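Take a look at the structure below.
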Amino acid sequence: MIDTLTPVATPVLAGLADVTFAPALVETFLTRYAYATVFVLLSIGLYMMIASPNLVKKVIGMNLFQTAVFLFFVATAYVEGGGSPVVPTEATPGELAVASPLPHVIVLTAIVVGISLTAVGLALIIRIYTEYGTMNEETLREVRIDE
Amino acid sequence: MSSPTALELLPALLVIVPILGATLPLALGLRYDDVGWACATAVCGIVFALALPVTNAVYGVGERVQVIHNLGGFDQPVGIALVADELSTIVVLLIAAVSLATLAYTRHGGPRGNTFYSGYLLLVGGLMGISLTGDVFNLFVFLEITGIATYGLIAKSDGAEAAVAALKYLIIGTVGASLYLVGVGFVFLATGTLNMIDLATAIPEAGYDDPLVRMAFAFMFVGFAIKVAQWPLHTWQPDAYQHAPDGVTPMIAALVSTVSAYALARVIFGVYTVEFVATTPYLQEIVVTVGSVSVVAGSLLAVIQVDVKRMLAFSSVSQFGLIVAAYGLLTETALVGALVHLVGHGIMKAGLFVCAGIVAAGYGARKVDEYAGLFAHRPAVASATAVLGIALIGIPPSVGFIGKWYIAVGSVEAELWPVAAVIFLSTMLTLGYVARLLEKMFFTHATGAPASHAVATDGGEGVLVGTLDEADPVSLGMIGLAVGAAVLAVALGFAGGTFNELFDPFVSEVFS
Amino acid sequence: MSEVITDIRPLAAVLVSALAVALIVASYRYPNVREGWSVLAALSKFGIVLSMLPGVMAGTVYEWSFVEATGYEFVAGIDFSLRADPLGMLFALLASFLWIFTSFYATGYMRGLNEHGQTRFFASFAASLSTAMGIAFAGNLVTIFIFYELLSLVTYPLVAHNEDDEARIAGRKYLFYTFFGGGVFLLAGTVLVYWLTAGVGEATVAFETGGIEALAEAAATDPLAASIGFFLLAAGFGVKAAVMPLHSWLADAMVAPTPVSGLLHAVAVVKSGAFGVARVILDTFGPELTGELGVNVPLAALAAFTLVAASVIALRKDHLKRRLAYSTTAQLSYIVLGLSMLHPIALVGALLHIPAHAFGKLTLFFCAGAVHVETHTDYVSEMAGIGKRMPLTMGAFALGAASMAGIPLLAGFVSKFYLLIGGLEAGLSIFALALIVSGILNIAYLWPVVYTAFFETEERHDAKPLLEYPVGGQRESYFDDDHAHAVTDGGHEGDDHEPAYAVDMHPSDHTDEDHDAHDDHHHGGAPPGGWKRTPIREESTWLMLMPIAVIVTGAVLLGIVPDLAVFLDLAVYIVEGVTGEAVL
């Protein structure tokens, strides 16, 4: 299993290690756009969590943040020209090119975890809203100080 | 693929029993009213009973073996293994013991309800999973299970304040776990494996200076720094501890951060190695600095707190700072000290939060000033608080001293003098907030008559509900728990040599 | 020459009063039973210690070790051990002997004042003695650290006993100083010694007569670390020994009830600091290594400075207990100075000064306490003519004061004599000079108390403290209406004699708290019409007079026949063991 995975890792490794001069950087963005998207999403998610006063939007930001992580895993699993990891019965071991299945499995698990978290988070927000009548963090702070 | 022996089944059972058990209060709750506590006690009792043979196998008098269970019969590194070794078993025992003991508090002190106990058992299962798993991704899953259970339990408190605190914890905690997951992704990219034992050999092969390996460590470390609540990433913790129900705080304070700190140790010493931390430029400095700064900042913030539970929460920031700094010292003695303090702090902080809960229920006091004259009204709890607080300062004989001694010796051995200075001075910092309590409890007269019953503040739910209204809100079990923790904290203070002996196989392997 | 025997008696001596704590707390409803436990524990403790004396003098060391008894190590490589060696015996014997009489006195004092929280008081007191015994018998640095910390902890309730703001602040200060000394300096020093010895072989912190050998070896390669270790340990113990600049907690701790000030803050607690310094110099580093490192000179200089400066401060204190506290600060530095001069005779003097000062100072405190209980008088300026009211008490005070000052035929003389000889023999005449100056100052601050008690009258006496008034003194009277307020505000006179200098108006060492506290005690001083002449048997209760009489007799006996009292023998024996040569 390890043997099949190692080639997956190598190009990415090389791509990241070579980020020393500008042309390589441009090239990285062009060929590794998935990773660039990951960091954009990651940043947007983090920003929403910090900056948005709306609690629901914070949770959306959190989701975005997690989605970025999922995308990151899926991107790492991609193999140039590889198909889905369904191994035909008469495969020749040397020629078979499939995407690595393990990150996909990881992402599936992580999605489940993420959904549970969102559910819990939304449940909490409902409770906060019924109690304070607001989902705005600033208002909430004022209400709590008044109490 | 050989079928596991009875002993090898135990690690799996330790995780599965509480998680499956978590459905019991809900299922039985459809038919019966107040079945949660009984279910939880039964399940925690079983878990504790299961933990004993594992402990005996790993630390017992006879031949000591690691108990390893390969889930689904898949051998490592393909399958996921659950490993009870010298490091994880003590944490497993701590979880089993604390979760069982805390039930003595919740029986009378609340919170009540079947859903609460489902969450409680889920938390136990998650914590067990973190401790036992031998797979870095599986660790993430259990981290999140623990997290979800914790968020739910915190919100179980009466006031909506708790929901706000829980949501804050949820968002920050998720970021922490996600950062860890990114770290897992990087390390998987670099090595192509997720098994911890396998990684320990695969990472050196990939090279310690591989940017992916380094990046992975950075993400994991920051992720854990959030989970362990290191300054300045600690902000979720005071709110969460303050607003959580009194019956839940001991559990969370003693176990959740502790187990995260354990997982950090596992990652630093089990997955990565001492050599990695030592050879990577500035890494050791960063780790000890994070720890040391947390020690100082946590204590200083604790001193200025008004609310007792909040003060104890900041104290946790400081104490875990000590542990993280000890990890960074990279000496055998310091690591032993960190592990002793991990266990010792769990016991002491659980005891202190139990005391805080009893005082809130029986004396109506939540603020430091309201503790005035406590000794006159609640001598047993005041004494237990005093003993636990003193143990936390590190005054011998107590488990707090043992941990501090090893960490201090380790810091001198590492010849990192500024860290050593922080560790020695931490005594004074801890004294700063403990002495406030002591002075209030013993040498200040109560001003005005304190409420003898819990007022309807958050966390008082259990007291006011049910048929026990006329009864004393403090049960014998609650006081027994507080006193028991105090006695244990002192008694373990004589076991310094034993602790060293227990951790020695793991520690010397890590440093070989 | 020393033979080590495993024996449970050192542990028993520690535990007997710990057991008493439990019994005292349990019998809180019955004061007589409760105080009975105190006395019983004191007697059995003294009995246990005494039973070891012949053996110890014959060269046996009794040892109890945790690892041998239970098979568990306290921390890796370090045992929790209690051993009764000559040096430990000196301190243990002294503390346990004096506790017997202090128990009686404390009973009389606490009941005389009808104090609150007596159960807590007696329990903490017994616990303090337990830990003091642990310090005496501790067999290594970690064990002594444990008891040193515990001692700080259990004496805290005694300092904060009054439960008012003054007591709480004093308690805070006390905790801060003692834990800084114990938890920071002492622990750091211990760890450093552990680390240094680990560098040359098996790590050890166990005391060895004449110094730890491994430490000497390590110090040869790393003298700087060894010196730092010495200073850390000395600073750790120096806090309790009240060596300047770490002394200021002691005067504040005088808010505690007088038995505490007497036995603990003149004997057990502060002497544990001095004793700790002795352990560091004699049994950890050894005189030889200490001399080689040259670390004794700064310590001696600090001690010499302390004993002069504290005496000068004492001159200006009007509150008697505070005056005595500064006297204690000075006298403790005699011990530290004697130890750090490293000359065998000076060492004997220093060790002998531990009991000598204990007997003298305990007398003084007991007398101050008796005066407080009977007349509520705390200030020297209110004591004119009090000799009529309390003849025996003030008589004992005079003897105690004379002993403090080193008048021949009293305990203080013998030890100071050896200290002086030792200093001169060691060629450290500047320190010998400091000793003499301080001796003179001793007389200067204690004699006015005796003088005002016996030789001045309520109508006609000098305003106290003398130093704050014009040369030649200033006459005043308690009964002159113009000066009536002088009694209540601490002896400060009207505007005619306003001090000219700012430093005199706001002397840094003579803080306002003296006078603030004073306002709480309007009832102090002579009653209208002057002190009533009282016969000895009526001046106070026997519970207080008996201990005073016994202790002052002890001070005299130590002075007249030092050979008979066991302490001189012990001191000589200890020093011979450490230096390996015959002394005297």
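Residue numbering restarts at 1 for every chain of the structure tokens, chains are lettered A, B, ... in their displayed order, and ligands are numbered from 1 as they appear.
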Next item on the list: Output as JSON, numbers by chain the set of chain C residues within 6 Å of chain B, with distances taken over only C-alpha atoms.
Entry: {"C": [73, 74, 75, 76, 146, 163, 184, 191]}
Could the residues in this selection be written to a file with N, CA, C and O atoms, as a PDB file, in the first residue's frame?
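Written file, selection.pdb:
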ATOM      1  N   GLU C  73      10.516   4.570  46.650  1.00  0.00           N
ATOM      2  CA  GLU C  73      11.382   5.746  46.669  1.00  0.00           C
ATOM      3  C   GLU C  73      10.521   6.986  46.658  1.00  0.00           C
ATOM      4  O   GLU C  73       9.497   7.029  45.978  1.00  0.00           O
ATOM      5  N   PHE C  74      10.961   8.015  47.377  1.00  0.00           N
ATOM      6  CA  PHE C  74      10.155   9.235  47.427  1.00  0.00           C
ATOM      7  C   PHE C  74      10.131   9.891  46.055  1.00  0.00           C
ATOM      8  O   PHE C  74       9.091  10.092  45.457  1.00  0.00           O
ATOM      9  N   VAL C  75      11.276  10.276  45.550  1.00  0.00           N
ATOM     10  CA  VAL C  75      11.406  10.561  44.120  1.00  0.00           C
ATOM     11  C   VAL C  75      12.638   9.810  43.662  1.00  0.00           C
ATOM     12  O   VAL C  75      13.457   9.413  44.482  1.00  0.00           O
ATOM     13  N   ALA C  76      12.759   9.610  42.355  1.00  0.00           N
ATOM     14  CA  ALA C  76      13.805   8.738  41.849  1.00  0.00           C
ATOM     15  C   ALA C  76      15.172   9.152  42.391  1.00  0.00           C
ATOM     16  O   ALA C  76      15.579  10.296  42.264  1.00  0.00           O
ATOM     17  N   ILE C 146      11.000  19.499  52.321  1.00  0.00           N
ATOM     18  CA  ILE C 146       9.600  19.142  52.585  1.00  0.00           C
ATOM     19  C   ILE C 146       9.139  19.765  53.890  1.00  0.00           C
ATOM     20  O   ILE C 146       8.104  20.437  53.957  1.00  0.00           O
ATOM     21  N   GLU C 163      -7.195  37.398  62.333  1.00  0.00           N
ATOM     22  CA  GLU C 163      -8.236  37.535  61.311  1.00  0.00           C
ATOM     23  C   GLU C 163      -8.636  38.976  61.061  1.00  0.00           C
ATOM     24  O   GLU C 163      -9.751  39.250  60.633  1.00  0.00           O
ATOM     25  N   VAL C 184      11.239  28.594  46.073  1.00  0.00           N
ATOM     26  CA  VAL C 184      12.050  29.048  44.947  1.00  0.00           C
ATOM     27  C   VAL C 184      13.541  28.826  45.226  1.00  0.00           C
ATOM     28  O   VAL C 184      14.184  28.006  44.583  1.00  0.00           O
ATOM     29  N   VAL C 191      17.925  21.360  43.695  1.00  0.00           N
ATOM     30  CA  VAL C 191      18.007  20.785  42.350  1.00  0.00           C
ATOM     31  C   VAL C 191      19.418  20.961  41.790  1.00  0.00           C
ATOM     32  O   VAL C 191      19.980  20.061  41.162  1.00  0.00           O
TER      33      VAL C 191
END
Next item on the list: Show which residues sit within 12 Å of Ile50 in chain A, as a VMD selection string. Count only C-alpha atoms, and ignore same-chain residues fewer than 6 positions away.
Entry: (chain A and resid 43 to 44 57 to 62 65 137) or (chain B and resid 168 171 to 172 175)
Margin query: Based on only C-alpha atoms, which of the residues in chain B come within 6 Å of chain A? I want them as an NGL selection string.
Written below: :B and (160 or 163 or 189 or 192)
Notebook entry, point to check: In Å, with one decimal, what is the gap from CA of Thr146 in chain B to CA of Leu71 in chain B?
Noted result: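 Here the two named atoms are 20.0 Å from each other.
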From a backbone DSSP assignment, name each residue in range 52-139 of chain C labelled strand (DSSP E), as a PDB file with N, CA, C and O atoms, in the first residue's frame.
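Everything below was put into states_23.pdb:
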ATOM      1  N   THR C  60      26.317   7.015  67.847  1.00  0.00           N
ATOM      2  CA  THR C  60      25.348   6.309  67.034  1.00  0.00           C
ATOM      3  C   THR C  60      24.482   7.319  66.275  1.00  0.00           C
ATOM      4  O   THR C  60      24.195   8.392  66.784  1.00  0.00           O
ATOM      5  N   VAL C  61      24.119   6.978  65.057  1.00  0.00           N
ATOM      6  CA  VAL C  61      23.160   7.803  64.325  1.00  0.00           C
ATOM      7  C   VAL C  61      21.927   6.950  64.100  1.00  0.00           C
ATOM      8  O   VAL C  61      22.019   5.856  63.552  1.00  0.00           O
ATOM      9  N   TYR C  62      20.783   7.428  64.574  1.00  0.00           N
ATOM     10  CA  TYR C  62      19.543   6.682  64.368  1.00  0.00           C
ATOM     11  C   TYR C  62      18.906   7.152  63.080  1.00  0.00           C
ATOM     12  O   TYR C  62      18.749   8.347  62.865  1.00  0.00           O
ATOM     13  N   GLU C  63      18.542   6.227  62.236  1.00  0.00           N
ATOM     14  CA  GLU C  63      18.008   6.628  60.945  1.00  0.00           C
ATOM     15  C   GLU C  63      16.731   5.860  60.627  1.00  0.00           C
ATOM     16  O   GLU C  63      16.617   4.672  60.906  1.00  0.00           O
ATOM     17  N   TRP C  64      15.784   6.576  60.067  1.00  0.00           N
ATOM     18  CA  TRP C  64      14.587   5.922  59.535  1.00  0.00           C
ATOM     19  C   TRP C  64      14.462   6.320  58.088  1.00  0.00           C
ATOM     20  O   TRP C  64      14.533   7.509  57.762  1.00  0.00           O
ATOM     21  N   SER C  65      14.307   5.321  57.238  1.00  0.00           N
ATOM     22  CA  SER C  65      14.287   5.655  55.820  1.00  0.00           C
ATOM     23  C   SER C  65      13.022   5.117  55.189  1.00  0.00           C
ATOM     24  O   SER C  65      12.603   3.981  55.446  1.00  0.00           O
ATOM     25  N   SER C  81      14.319  10.478  54.263  1.00  0.00           N
ATOM     26  CA  SER C  81      14.959   9.864  55.419  1.00  0.00           C
ATOM     27  C   SER C  81      15.056  10.824  56.584  1.00  0.00           C
ATOM     28  O   SER C  81      15.225  12.030  56.418  1.00  0.00           O
ATOM     29  N   LEU C  82      14.905  10.269  57.757  1.00  0.00           N
ATOM     30  CA  LEU C  82      15.030  11.022  58.994  1.00  0.00           C
ATOM     31  C   LEU C  82      16.161  10.402  59.794  1.00  0.00           C
ATOM     32  O   LEU C  82      16.156   9.199  60.043  1.00  0.00           O
ATOM     33  N   ARG C  83      17.133  11.208  60.149  1.00  0.00           N
ATOM     34  CA  ARG C  83      18.210  10.646  60.949  1.00  0.00           C
ATOM     35  C   ARG C  83      18.561  11.581  62.098  1.00  0.00           C
ATOM     36  O   ARG C  83      18.606  12.794  61.943  1.00  0.00           O
ATOM     37  N   ALA C  84      18.766  10.964  63.230  1.00  0.00           N
ATOM     38  CA  ALA C  84      19.103  11.727  64.422  1.00  0.00           C
ATOM     39  C   ALA C  84      20.615  11.731  64.566  1.00  0.00           C
ATOM     40  O   ALA C  84      21.198  10.796  65.088  1.00  0.00           O
TER      41      ALA C  84
END
Next item on the list: Could you jot down the CA of Val205 in chain C to CA of Leu186 in chain C separation for me, Å, one decimal place?
Entry: 12.4 Å
Check: Which polymer residues have any atom within 10 Å of an atom of Ala350 in chain C, counting only C-alpha atoms, with same-chain residues fewer than 5 positions away left out, as a ChimeraX atom specification?
Finding: /C:274,278,332-342,344-345,355-356,415-416,418-419,422,571
Check: What is the distance between CA of Ala261 in chain B and CA of Val228 in chain B, in Å to one decimal?
Finding: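 Distance between the two atoms: 5.8 Å.
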Check: Contacts of Phe365 in chain C at 8 Å or less, counting only C-alpha atoms, minus same-chain residues fewer than 4 places along, as JSON, numbers by chain?
Finding: {"C": [258, 259, 261, 262, 321, 324, 361, 369]}
Just write the chosen residues, C-alpha atoms, as a CSV table (one decimal), in the first residue's frame.
chain,number,residue,atom,x,y,z
C,258,THR,CA,2.9,35.9,71.9
C,259,PRO,CA,3.5,32.2,72.4
C,261,SER,CA,6.2,35.0,68.6
C,262,GLY,CA,8.1,33.3,71.4
C,321,LYS,CA,7.4,42.7,70.6
C,324,LEU,CA,12.3,42.0,70.4
C,361,LYS,CA,14.6,35.4,73.9
C,369,GLY,CA,3.2,38.2,76.7
Notebook entry, point to check: Which polymer residues have any atom within 9 Å of an atom of Thr289 in chain B, counting only C-alpha atoms, with same-chain residues fewer than 5 positions away left out, as an MDAnalysis selection string?
Noted result: chainID B and resid 284 294 325 328 419
Check: DSSP says alpha helix (DSSP H) for which residues of range 26-245 of chain B? Put them as a ChimeraX atom specification?
Finding: /B:26-29,36-59,88-109,114-132,136-154,160-191,196-206,211-228,236-243
Write a file of the selected residues as a compact mmCIF listing (two decimals), in the first residue's frame, keeping C-alpha atoms.
# COMPACT_ATOMS: atom_id res chain seq x y z
CA LEU B 26 -31.46 7.31 25.45
CA ALA B 27 -32.93 3.94 24.57
CA LEU B 28 -33.97 3.06 28.09
CA GLY B 29 -35.07 6.62 28.64
CA GLY B 36 -29.22 7.84 33.03
CA TRP B 37 -27.19 7.77 36.18
CA ALA B 38 -27.59 4.05 36.67
CA CYS B 39 -26.58 3.35 33.07
CA ALA B 40 -23.57 5.63 33.28
CA THR B 41 -22.45 4.08 36.54
CA ALA B 42 -22.78 0.59 35.18
CA VAL B 43 -20.89 1.43 32.00
CA CYS B 44 -18.18 3.41 33.76
CA GLY B 45 -17.88 0.61 36.28
CA ILE B 46 -17.36 -1.87 33.47
CA VAL B 47 -14.85 0.43 31.80
CA PHE B 48 -12.96 0.76 35.04
CA ALA B 49 -13.00 -2.99 35.51
CA LEU B 50 -11.70 -3.45 31.97
CA ALA B 51 -8.94 -0.93 32.56
CA LEU B 52 -7.59 -2.84 35.54
CA PRO B 53 -6.29 -5.94 33.72
CA VAL B 54 -4.73 -3.69 31.09
CA THR B 55 -3.02 -1.69 33.81
CA ASN B 56 -1.86 -4.87 35.42
CA ALA B 57 -0.43 -6.18 32.17
CA VAL B 58 1.41 -2.95 31.40
CA TYR B 59 2.56 -1.90 34.87
CA SER B 88 -1.29 5.53 27.33
CA THR B 89 -2.26 3.12 30.08
CA ILE B 90 -1.85 5.63 32.89
CA VAL B 91 -4.10 8.02 30.99
CA VAL B 92 -6.63 5.25 30.41
CA LEU B 93 -6.63 4.51 34.11
CA LEU B 94 -7.04 8.19 34.90
CA ILE B 95 -10.01 8.47 32.54
CA ALA B 96 -11.64 5.35 33.91
CA ALA B 97 -11.16 6.43 37.51
CA VAL B 98 -12.15 10.08 37.12
CA SER B 99 -15.20 9.34 35.00
CA LEU B 100 -16.42 6.78 37.52
CA ALA B 101 -15.67 9.02 40.49
CA THR B 102 -17.32 12.11 39.04
CA LEU B 103 -20.58 10.18 38.91
CA ALA B 104 -20.54 10.31 42.69
CA TYR B 105 -20.95 14.04 42.28
CA THR B 106 -23.52 14.14 39.49
CA ARG B 107 -25.84 11.70 41.27
CA HIS B 108 -26.87 14.41 43.65
CA GLY B 109 -25.28 17.52 42.26
CA ASN B 114 -30.75 10.83 30.25
CA THR B 115 -29.29 12.90 27.45
CA PHE B 116 -26.65 14.23 29.79
CA TYR B 117 -25.43 10.77 30.61
CA SER B 118 -25.38 9.80 26.94
CA GLY B 119 -23.07 12.72 26.32
CA TYR B 120 -21.06 11.78 29.36
CA LEU B 121 -20.44 8.25 28.11
CA LEU B 122 -19.68 9.51 24.63
CA LEU B 123 -17.04 11.75 26.18
CA VAL B 124 -15.52 8.79 28.00
CA GLY B 125 -15.42 6.82 24.77
CA GLY B 126 -13.82 9.68 22.87
CA LEU B 127 -11.18 10.19 25.54
CA MET B 128 -10.40 6.48 25.62
CA GLY B 129 -10.05 6.55 21.84
CA ILE B 130 -7.58 9.44 21.91
CA SER B 131 -5.50 7.66 24.50
CA LEU B 132 -5.41 4.29 22.87
CA VAL B 136 -2.88 9.86 13.58
CA PHE B 137 -6.09 10.26 11.59
CA ASN B 138 -8.05 8.12 13.99
CA LEU B 139 -6.77 10.47 16.66
CA PHE B 140 -8.48 13.33 14.84
CA VAL B 141 -11.78 11.47 14.78
CA PHE B 142 -11.63 10.80 18.51
CA LEU B 143 -10.58 14.39 19.16
CA GLU B 144 -13.78 15.50 17.45
CA ILE B 145 -15.93 12.93 19.23
CA THR B 146 -14.53 14.21 22.49
CA GLY B 147 -15.11 17.74 21.31
CA ILE B 148 -18.74 17.23 20.31
CA ALA B 149 -19.50 15.50 23.59
CA THR B 150 -17.80 18.29 25.51
CA TYR B 151 -19.65 21.07 23.70
CA GLY B 152 -22.92 19.35 24.43
CA LEU B 153 -22.11 18.80 28.09
CA ILE B 154 -21.07 22.40 28.60
CA ALA B 160 -27.78 30.56 28.01
CA GLU B 161 -24.34 31.83 28.98
CA ALA B 162 -23.27 28.22 28.76
CA ALA B 163 -24.51 27.97 25.19
CA VAL B 164 -22.45 31.00 24.24
CA ALA B 165 -19.40 29.53 25.93
CA ALA B 166 -20.01 26.19 24.24
CA LEU B 167 -20.35 27.78 20.83
CA LYS B 168 -17.15 29.71 21.34
CA TYR B 169 -15.42 26.50 22.35
CA LEU B 170 -16.96 24.70 19.38
CA ILE B 171 -15.65 27.16 16.83
CA ILE B 172 -12.19 27.50 18.32
CA GLY B 173 -11.95 23.81 19.08
CA THR B 174 -12.91 22.90 15.54
CA VAL B 175 -10.26 25.20 14.16
CA GLY B 176 -7.75 23.47 16.43
CA ALA B 177 -8.80 20.02 15.30
CA SER B 178 -8.86 21.09 11.65
CA LEU B 179 -5.36 22.49 11.91
CA TYR B 180 -4.30 19.17 13.33
CA LEU B 181 -5.98 17.48 10.39
CA VAL B 182 -4.04 19.68 7.97
CA GLY B 183 -0.91 18.55 9.79
CA VAL B 184 -1.98 14.95 9.31
CA GLY B 185 -2.43 15.68 5.61
CA PHE B 186 1.07 17.04 5.30
CA VAL B 187 2.67 14.18 7.14
CA PHE B 188 0.69 11.75 4.98
CA LEU B 189 1.96 13.53 1.89
CA ALA B 190 5.51 13.29 3.11
CA THR B 191 5.44 9.67 4.20
CA MET B 196 2.21 6.17 14.47
CA ILE B 197 4.80 3.44 14.80
CA ASP B 198 5.30 3.41 11.07
CA LEU B 199 5.60 7.19 11.00
CA ALA B 200 8.34 7.11 13.60
CA THR B 201 10.55 5.38 11.05
CA ALA B 202 9.06 6.95 7.92
CA ILE B 203 9.61 10.56 9.05
CA PRO B 204 13.38 10.22 9.47
CA GLU B 205 13.45 8.58 6.03
CA ALA B 206 11.64 11.55 4.54
CA PRO B 211 9.41 21.18 4.57
CA LEU B 212 6.35 18.94 4.54
CA VAL B 213 7.44 17.19 7.70
CA ARG B 214 8.16 20.49 9.38
CA MET B 215 4.94 22.07 8.17
CA ALA B 216 3.01 19.07 9.44
CA PHE B 217 4.54 19.46 12.88
CA ALA B 218 3.78 23.16 12.92
CA PHE B 219 0.10 22.58 12.12
CA MET B 220 -0.23 19.78 14.63
CA PHE B 221 1.49 21.76 17.35
CA VAL B 222 -0.72 24.79 16.86
CA GLY B 223 -3.77 22.55 16.73
CA PHE B 224 -2.86 20.98 20.04
CA ALA B 225 -1.89 24.32 21.53
CA ILE B 226 -5.52 25.33 20.98
CA LYS B 227 -6.87 22.10 22.43
CA VAL B 228 -4.54 22.20 25.42
CA TRP B 236 -12.22 29.39 24.98
CA GLN B 237 -11.23 27.70 28.18
CA PRO B 238 -12.14 30.18 30.95
CA ASP B 239 -15.63 30.70 29.51
CA ALA B 240 -16.17 27.00 29.00
CA TYR B 241 -15.02 26.04 32.49
CA GLN B 242 -16.88 28.85 34.17
CA HIS B 243 -20.24 28.21 32.55
